[in-house]
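Note: the block below is structure-v2.tsv and it holds TSV, C-alpha atoms.
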```tsv
chain	number	residue	atom	x	y	z
A	1	MET	CA	51.53	80.65	89.23
A	2	SER	CA	48.73	83.21	88.92
A	3	LYS	CA	46.59	83.44	85.80
A	4	VAL	CA	45.84	86.91	84.48
A	5	ILE	CA	42.84	87.45	82.23
A	6	THR	CA	42.98	90.47	79.93
A	7	ALA	CA	39.79	91.65	78.25
A	8	ILE	CA	38.33	94.50	76.18
A	9	ASP	CA	34.70	95.52	76.34
A	10	LYS	CA	32.43	95.03	73.31
A	11	SER	CA	32.48	98.76	72.48
A	12	GLY	CA	36.28	99.02	72.62
A	13	SER	CA	36.03	101.66	75.35
A	14	TYR	CA	38.17	100.06	78.07
A	15	SER	CA	40.53	97.18	78.84
A	16	VAL	CA	40.72	95.16	82.03
A	17	SER	CA	43.43	92.95	83.56
A	18	LEU	CA	42.31	90.67	86.39
A	19	THR	CA	44.13	88.12	88.53
A	20	ILE	CA	43.98	86.02	91.71
A	21	THR	CA	47.41	86.05	93.41
A	22	THR	CA	46.74	84.10	96.62
A	23	ASP	CA	49.60	81.63	96.13
A	24	MET	CA	52.13	84.31	95.14
A	25	VAL	CA	51.33	86.50	98.15
A	26	GLU	CA	51.39	83.51	100.51
A	27	GLU	CA	54.84	82.58	99.19
A	28	ALA	CA	56.06	86.12	99.87
A	29	ARG	CA	54.57	85.96	103.38
A	30	LYS	CA	56.45	82.75	104.15
A	31	ILE	CA	59.76	84.08	102.81
A	32	HIS	CA	59.60	87.38	104.71
A	33	ASN	CA	57.68	86.08	107.76
A	34	THR	CA	55.43	89.14	107.64
A	35	THR	CA	52.80	90.32	110.10
A	36	PRO	CA	49.22	90.50	108.73
A	37	LEU	CA	49.61	94.23	108.09
A	38	ALA	CA	52.91	93.77	106.26
A	39	THR	CA	51.46	90.86	104.28
A	40	ALA	CA	48.51	92.97	103.15
A	41	ALA	CA	50.75	95.87	102.14
A	42	LEU	CA	53.38	93.78	100.35
A	43	GLY	CA	50.74	91.58	98.71
A	44	ARG	CA	48.97	94.57	97.20
A	45	VAL	CA	52.21	95.99	95.82
A	46	LEU	CA	53.29	92.62	94.35
A	47	THR	CA	49.90	92.18	92.68
A	48	GLY	CA	49.83	95.74	91.35
A	49	ALA	CA	53.37	95.48	89.95
A	50	GLY	CA	52.56	92.14	88.33
A	51	LEU	CA	49.50	93.57	86.58
A	52	MET	CA	51.39	96.69	85.45
A	53	SER	CA	54.19	94.55	83.98
A	54	LEU	CA	51.75	93.17	81.40
A	55	ASP	CA	52.32	96.37	79.40
A	56	LEU	CA	56.06	95.66	79.02
A	57	LYS	CA	56.97	94.81	75.43
A	58	SER	CA	59.87	92.41	76.06
A	59	GLU	CA	60.33	89.52	78.48
A	60	GLU	CA	63.51	91.13	79.83
A	61	ASN	CA	61.96	94.58	80.32
A	62	LYS	CA	61.31	95.26	83.98
A	63	LEU	CA	59.21	97.54	86.12
A	64	THR	CA	59.93	98.51	89.71
A	65	VAL	CA	57.25	99.94	92.00
A	66	GLN	CA	58.54	101.63	95.15
A	67	PHE	CA	56.40	102.99	97.98
A	68	LYS	CA	58.41	105.05	100.46
A	69	GLY	CA	56.98	106.88	103.47
A	70	ASP	CA	57.63	108.16	106.97
A	71	GLY	CA	55.43	105.46	108.54
A	72	PRO	CA	56.69	102.32	110.31
A	73	ALA	CA	56.63	100.16	107.15
A	74	ARG	CA	59.21	102.59	105.68
A	75	GLN	CA	59.44	101.10	102.19
A	76	ILE	CA	57.69	98.50	100.04
A	77	LEU	CA	59.28	97.56	96.74
A	78	ALA	CA	58.34	95.12	93.99
A	79	THR	CA	60.02	94.36	90.68
A	80	ALA	CA	58.18	92.63	87.83
A	81	TYR	CA	59.50	91.43	84.47
A	82	GLY	CA	57.82	91.16	81.09
A	83	ASP	CA	57.84	87.36	81.35
A	84	GLY	CA	55.71	87.37	84.51
A	85	ARG	CA	58.36	87.09	87.22
A	86	VAL	CA	57.59	89.15	90.34
A	87	LYS	CA	59.64	89.69	93.50
A	88	GLY	CA	59.48	92.16	96.35
A	89	TYR	CA	60.09	93.04	99.99
A	90	ILE	CA	58.93	95.33	102.78
A	91	SER	CA	61.57	97.10	104.87
A	92	ASN	CA	59.78	96.35	108.15
A	93	PRO	CA	58.11	92.92	107.93
A	94	ASP	CA	57.21	93.16	111.64
A	95	VAL	CA	55.07	96.30	111.32
A	96	GLU	CA	51.89	96.27	113.41
A	97	LEU	CA	49.27	98.98	113.97
A	98	PRO	CA	45.73	99.08	115.41
A	99	LEU	CA	42.96	98.27	112.94
A	100	ARG	CA	41.16	101.14	111.24
A	101	ALA	CA	37.74	102.21	112.50
A	102	ASP	CA	36.12	99.99	109.82
A	103	GLY	CA	38.04	96.94	111.08
A	104	HIS	CA	40.48	96.78	108.16
A	105	LEU	CA	44.27	96.66	108.32
A	106	ASP	CA	45.71	100.18	108.22
A	107	VAL	CA	48.09	99.95	105.25
A	108	GLY	CA	47.90	103.71	104.66
A	109	ALA	CA	49.12	104.55	108.17
A	110	SER	CA	51.91	101.99	107.88
A	111	LEU	CA	53.36	104.02	104.98
A	112	GLY	CA	52.43	107.51	106.16
A	113	VAL	CA	53.46	110.51	104.09
A	114	GLY	CA	55.79	109.80	101.20
A	115	ASP	CA	56.20	109.04	97.51
A	116	LEU	CA	55.40	106.40	94.93
A	117	THR	CA	58.06	105.88	92.27
A	118	VAL	CA	57.70	103.67	89.20
A	119	ILE	CA	60.84	102.81	87.23
A	120	LYS	CA	60.55	101.19	83.81
A	121	ASP	CA	63.68	99.65	82.33
A	122	LEU	CA	62.79	99.19	78.67
A	123	GLY	CA	66.29	98.41	77.42
A	124	MET	CA	66.98	102.03	76.50
A	125	LYS	CA	69.98	104.09	77.65
A	126	GLU	CA	68.02	105.54	80.56
A	127	PRO	CA	65.02	104.05	82.40
A	128	TYR	CA	61.72	105.92	82.58
A	129	VAL	CA	61.08	107.23	86.13
A	130	GLY	CA	57.78	108.64	87.37
A	131	THR	CA	57.20	109.87	90.93
A	132	ILE	CA	54.07	111.15	92.69
A	133	ALA	CA	53.23	111.97	96.29
A	134	LEU	CA	51.27	109.24	98.07
A	135	VAL	CA	47.53	109.89	97.93
A	136	SER	CA	46.52	107.60	100.80
A	137	GLY	CA	49.14	104.88	101.13
A	138	GLU	CA	46.41	102.31	100.48
A	139	ILE	CA	48.33	101.16	97.36
A	140	ALA	CA	45.41	100.89	94.91
A	141	ASP	CA	44.50	104.59	95.31
A	142	ASP	CA	48.11	105.57	94.75
A	143	LEU	CA	48.54	103.38	91.66
A	144	THR	CA	45.32	104.84	90.22
A	145	ALA	CA	46.70	108.34	90.81
A	146	TYR	CA	50.06	107.36	89.29
A	147	HIS	CA	48.40	106.27	86.03
A	148	TYR	CA	46.55	109.57	85.78
A	149	ILE	CA	49.33	111.95	86.86
A	150	SER	CA	52.44	110.28	85.44
A	151	GLU	CA	51.09	108.44	82.40
A	152	GLN	CA	48.03	110.58	81.56
A	153	GLN	CA	45.98	107.38	81.63
A	154	ASN	CA	42.47	107.21	83.09
A	155	ALA	CA	42.58	103.99	85.08
A	156	SER	CA	41.08	102.35	88.14
A	157	VAL	CA	43.10	99.94	90.29
A	158	ALA	CA	41.54	97.52	92.80
A	159	LEU	CA	43.69	95.33	95.05
A	160	GLY	CA	42.95	93.11	98.02
A	161	VAL	CA	44.58	90.70	100.45
A	162	LYS	CA	42.66	88.81	103.16
A	163	ILE	CA	44.52	87.19	106.07
A	164	SER	CA	43.37	84.30	108.27
A	165	ARG	CA	43.58	84.21	112.05
A	166	GLU	CA	46.61	81.96	111.58
A	167	ARG	CA	48.24	84.81	109.58
A	168	LYS	CA	48.08	82.89	106.29
A	169	VAL	CA	46.79	84.44	103.06
A	170	LEU	CA	43.18	83.39	102.52
A	171	CYS	CA	42.88	85.17	99.20
A	172	ALA	CA	44.52	87.94	97.21
A	173	GLY	CA	44.02	89.51	93.82
A	174	GLY	CA	43.74	92.64	91.79
A	175	MET	CA	42.33	94.40	88.75
A	176	ILE	CA	43.32	97.33	86.56
A	177	ILE	CA	40.75	98.96	84.26
A	178	LYS	CA	42.09	101.40	81.63
A	179	MET	CA	40.09	103.65	79.34
A	180	LEU	CA	40.98	103.32	75.66
A	181	PRO	CA	41.20	106.10	73.05
A	182	GLY	CA	37.77	107.06	71.76
A	183	ALA	CA	35.97	105.58	74.77
A	184	LEU	CA	32.21	106.19	74.74
A	185	GLU	CA	31.00	108.54	77.45
A	186	GLU	CA	28.29	106.05	78.37
A	187	SER	CA	30.98	103.43	79.14
A	188	VAL	CA	32.66	105.82	81.58
A	189	THR	CA	29.36	106.39	83.37
A	190	ALA	CA	28.65	102.65	83.50
A	191	LEU	CA	32.12	101.91	84.90
A	192	GLU	CA	31.89	104.65	87.51
A	193	ASP	CA	28.56	103.22	88.65
A	194	MET	CA	29.99	99.68	88.80
A	195	ILE	CA	33.14	100.70	90.65
A	196	GLY	CA	31.13	102.76	93.12
A	197	LYS	CA	29.04	99.72	94.06
A	198	MET	CA	31.83	97.12	93.86
A	199	PRO	CA	32.50	95.16	97.08
A	200	PRO	CA	36.10	94.63	98.26
A	201	MET	CA	38.13	92.57	95.81
A	202	THR	CA	38.62	89.78	98.38
A	203	THR	CA	34.84	89.51	98.91
A	204	SER	CA	34.33	88.81	95.20
A	205	ILE	CA	37.26	86.37	95.10
A	206	GLU	CA	35.94	84.38	98.09
A	207	LYS	CA	32.46	84.23	96.58
A	208	VAL	CA	33.79	82.93	93.27
A	209	MET	CA	36.18	80.43	94.90
A	210	VAL	CA	33.25	78.76	96.66
A	211	ARG	CA	31.05	78.79	93.56
A	212	SER	CA	33.78	77.67	91.15
A	213	ALA	CA	35.31	74.82	93.16
A	214	GLY	CA	36.83	72.22	90.83
A	215	LYS	CA	37.40	74.58	87.91
A	216	THR	CA	40.79	75.38	86.42
A	217	GLU	CA	42.61	78.49	87.62
A	218	GLU	CA	41.75	80.24	84.36
A	219	GLY	CA	38.11	79.22	84.75
A	220	ILE	CA	37.99	80.70	88.26
A	221	VAL	CA	39.46	84.03	87.09
A	222	LEU	CA	36.95	84.10	84.21
A	223	ASP	CA	34.16	83.56	86.72
A	224	LEU	CA	35.59	86.43	88.78
A	225	LEU	CA	35.50	88.65	85.69
A	226	GLU	CA	31.85	87.71	85.16
A	227	GLU	CA	31.04	88.32	88.83
A	228	ILE	CA	32.59	91.80	88.91
A	229	PHE	CA	31.02	92.97	85.64
A	230	LYS	CA	27.68	91.13	85.94
A	231	ASP	CA	25.62	94.34	86.12
A	232	MET	CA	27.34	96.16	83.26
A	233	PRO	CA	25.15	96.99	80.23
A	234	GLU	CA	25.55	94.32	77.53
A	235	GLU	CA	27.28	96.69	75.08
A	236	PHE	CA	30.02	97.32	77.64
A	237	MET	CA	30.60	93.76	78.84
A	238	PRO	CA	34.28	92.66	78.66
A	239	ASP	CA	35.38	89.81	76.36
A	240	LYS	CA	38.57	87.89	77.10
A	241	THR	CA	41.44	88.66	74.73
A	242	GLU	CA	44.36	86.86	76.36
A	243	THR	CA	45.51	84.74	79.29
A	244	ARG	CA	48.90	85.53	80.85
A	245	GLU	CA	50.73	84.39	83.98
A	246	ILE	CA	52.58	86.10	86.81
A	247	ARG	CA	54.57	84.28	89.48
A	248	TRP	CA	56.89	84.81	92.41
A	249	GLU	CA	60.49	84.25	91.32
A	250	CYS	CA	63.72	85.80	92.56
A	251	ASP	CA	66.61	85.95	90.10
A	252	CYS	CA	69.40	86.53	92.62
A	253	SER	CA	72.69	84.68	92.12
A	254	GLU	CA	76.22	84.52	93.46
A	255	GLU	CA	77.37	86.53	90.45
A	256	ARG	CA	74.94	89.35	91.26
A	257	LEU	CA	76.08	89.48	94.87
A	258	GLU	CA	79.70	89.59	93.67
A	259	GLN	CA	78.78	92.72	91.70
A	260	ILE	CA	77.37	94.28	94.88
A	261	LEU	CA	80.62	93.56	96.73
A	262	MET	CA	82.51	95.24	93.91
A	263	THR	CA	80.52	98.43	94.37
A	264	ILE	CA	81.76	99.01	97.93
A	265	GLY	CA	85.24	99.93	96.68
A	266	ARG	CA	88.69	98.37	97.07
A	267	LYS	CA	89.45	100.06	100.39
A	268	ASP	CA	86.31	98.80	102.16
A	269	LEU	CA	86.58	95.33	100.66
A	270	ARG	CA	90.21	95.15	101.79
A	271	GLU	CA	89.08	95.97	105.33
A	272	ILE	CA	86.53	93.14	105.24
A	273	ILE	CA	89.16	90.69	104.01
A	274	ASP	CA	91.76	91.72	106.59
A	275	GLU	CA	89.45	92.14	109.59
A	276	ASP	CA	86.71	89.54	109.03
A	277	GLY	CA	88.19	87.18	106.46
A	278	GLN	CA	84.70	86.42	105.15
A	279	ALA	CA	81.36	88.01	104.24
A	280	GLU	CA	77.72	86.94	104.24
A	281	LEU	CA	75.19	88.74	102.06
A	282	VAL	CA	71.42	88.21	102.17
A	283	CYS	CA	69.15	88.84	99.19
A	284	GLN	CA	66.50	91.42	100.17
A	285	PHE	CA	63.92	89.79	97.95
A	286	CYS	CA	64.11	86.11	98.86
A	287	GLU	CA	66.24	86.07	102.06
A	288	LYS	CA	68.70	83.61	100.50
A	289	LYS	CA	72.15	83.81	102.12
A	290	TYR	CA	75.39	83.88	100.16
A	291	PHE	CA	78.68	83.15	101.94
A	292	PHE	CA	82.01	84.42	100.58
A	293	ASP	CA	85.17	82.99	102.17
A	294	LYS	CA	88.53	84.80	102.21
A	295	ALA	CA	89.80	83.21	98.99
A	296	HIS	CA	86.60	84.21	97.17
A	297	LEU	CA	86.83	87.77	98.47
A	298	GLU	CA	90.46	87.97	97.35
A	299	ARG	CA	89.43	86.93	93.82
A	300	ILE	CA	86.77	89.66	93.76
A	301	TYR	CA	89.31	92.17	95.05
A	302	GLU	CA	91.74	91.31	92.24
A	303	GLN	CA	89.00	91.93	89.66
A	304	MET	CA	88.30	95.45	90.94
```
Show this structure as structure tokens.
Amino acid sequence: MSKVITAIDKSGSYSVSLTITTDMVEEARKIHNTTPLATAALGRVLTGAGLMSLDLKSEENKLTVQFKGDGPARQILATAYGDGRVKGYISNPDVELPLRADGHLDVGASLGVGDLTVIKDLGMKEPYVGTIALVSGEIADDLTAYHYISEQQNASVALGVKISRERKVLCAGGMIIKMLPGALEESVTALEDMIGKMPPMTTSIEKVMVRSAGKTEEGIVLDLLEEIFKDMPEEFMPDKTETREIRWECDCSEERLEQILMTIGRKDLREIIDEDGQAELVCQFCEKKYFFDKAHLERIYEQM
């Protein structure tokens, strides 16, 4: 479970959502057995999707964030629900590339040239779909651009994942700042100055984790909020408005996999029954395997 602090500054000029997602990203790493590069990429997308889902009005509303490029990672996808559930996968969990010149993992090169698509299923007849070309493939840059281009929202997204030598997730987290209607010009200047000087998200998280040892998860995220905004002018300091939660949870089931089998058509399913006599499907999100014997496949066939 990852606590998310939402806050609005004293002048009502901007909102901020902030979270530490170390446990969620580590769980995804274990499930998909990802390389450090794949962990960093997937972890950023999971965190970003989780933060964006806070804007969904209903618990059953869902948001899907899909990064697709011509690089070796190919595709990274995360789905987040209004009740805080998040799941995701990377098409190539074994992707590896040389480090960038600054020593960081090259998430941008792993995606290459491509598109970012955000799909919002709000319970209407048709989902909302927004697509932009990838700006850098570094995830946070692209999500910032998406807010501006597709939603006409001035926002700043910061995401980070740090990996240990043993390939485990040392820390992960993210933040989205959004300007509010009627924002004071001075607040924009103050934020730009703060963001320009801000260290990597994982640097701030590590610093706070050491300093806040023994505190509750909410207390640690509040300390992180204070650390990030410590140099903001008093009139633009953020005040907490709400605490939410996001968590890794896959909602796959045998019934859902039956629906997938139904989509392949009677002819193809008949071939599987006659030639193989069984089928095994694996959930892309959680790697859980579902086995369908011949009798089960025959029942599905009769329902088609």
I'd like the neighbourhood of Leu111 (chain A) as an NGL selection string, where a residue qualifies if any of its atoms comes within 6 Å (using only C-alpha atoms), though same-chain residues fewer than 6 positions away should be ignored. :A and (69 or 71 or 73 or 137)
In terms of all atoms listed in the file, the residue from A:Arg44, A:Arg299, A:Lys288, A:Lys240 at minimal distance from Asp141 (chain A) is A:Arg44
Who sits within 9 Å of region 208-223 of chain A, all atoms listed in the file, same chain under 4 positions skipped, as number ranges by chain: A: 2-5, 18-20, 203-204, 227-228, 240, 243
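Checking A:Ile176, A:Leu99, A:Met201, A:Met24 one by one against Glu245 (chain A), counting all atoms listed in the file, you find the shortest gap at A:Met24.
Once region 183-196 of chain A and its same-chain neighbours fewer than 3 positions away are set aside, Gly12, Ser13, Tyr14, Met179, Leu180, Met232 and Phe236 of chain A remain within 7 Å of it when counting only C-alpha atoms.
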Considering all atoms listed in the file, state which residue in the set A:Ile31, A:Ile272, A:Ile246, A:Ile163 is at the smallest distance from Asp83 (chain A). A:Ile246
If you count only C-alpha atoms, the residue of A:Trp248, A:Tyr301, A:Tyr81, A:Tyr89 closest to Gln284 (chain A) turns out to be A:Tyr89
Selected residue of minimal separation from Glu254 (chain A) among A:Leu281, A:Ile177, A:Cys171, A:Ala28, counting all atoms listed in the file: A:Leu281
Would you compute the distance between CA of Arg256 (chain A) and CA of Thr35 (chain A)? Give it in Å to one decimal.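 Answer for the CA of Arg256 (chain A) to CA of Thr35 (chain A) separation: 29.1 Å.
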Contacts of Met175 (chain A) at 8 Å or less, counting all atoms listed in the file, minus same-chain residues fewer than 2 places along, as a list in words?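 Here the qualifying residues turn out to be Val16, Ser17, Leu18, Thr19, Leu51, Val157, Ala158, Leu159, Gly173 and Ile177 of chain A.
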Could you work out how far CA of His147 (chain A) lies from CA of Glu126 (chain A), giving the answer in Å with one decimal? 20.4 Å
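Excluding Ile90 (chain A) and any residue on its chain fewer than 6 positions from it, the residues at most 8 Å away by all atoms listed in the file are Ala38, Leu42, Ala73, Arg74, Gln75, Ile76 and Leu77 of chain A.
Rounded to one decimal, CA of Asp239 (chain A) and CA of Lys57 (chain A) lie 22.2 Å from each other.
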For Ser136 (chain A), the closest of A:Phe67, A:Ala101, A:Ser150, A:Leu224 counting only C-alpha atoms is A:Phe67
Taking (52.1, 94.0, 96.3) as a centre in this file's frame and 9 Å as the limit, can you find every polymer residue with an atom that close, using only C-alpha atoms, and give them as a PyMOL selection string? chain A and resi 25+39-50+65+76-78+88-89+139+159
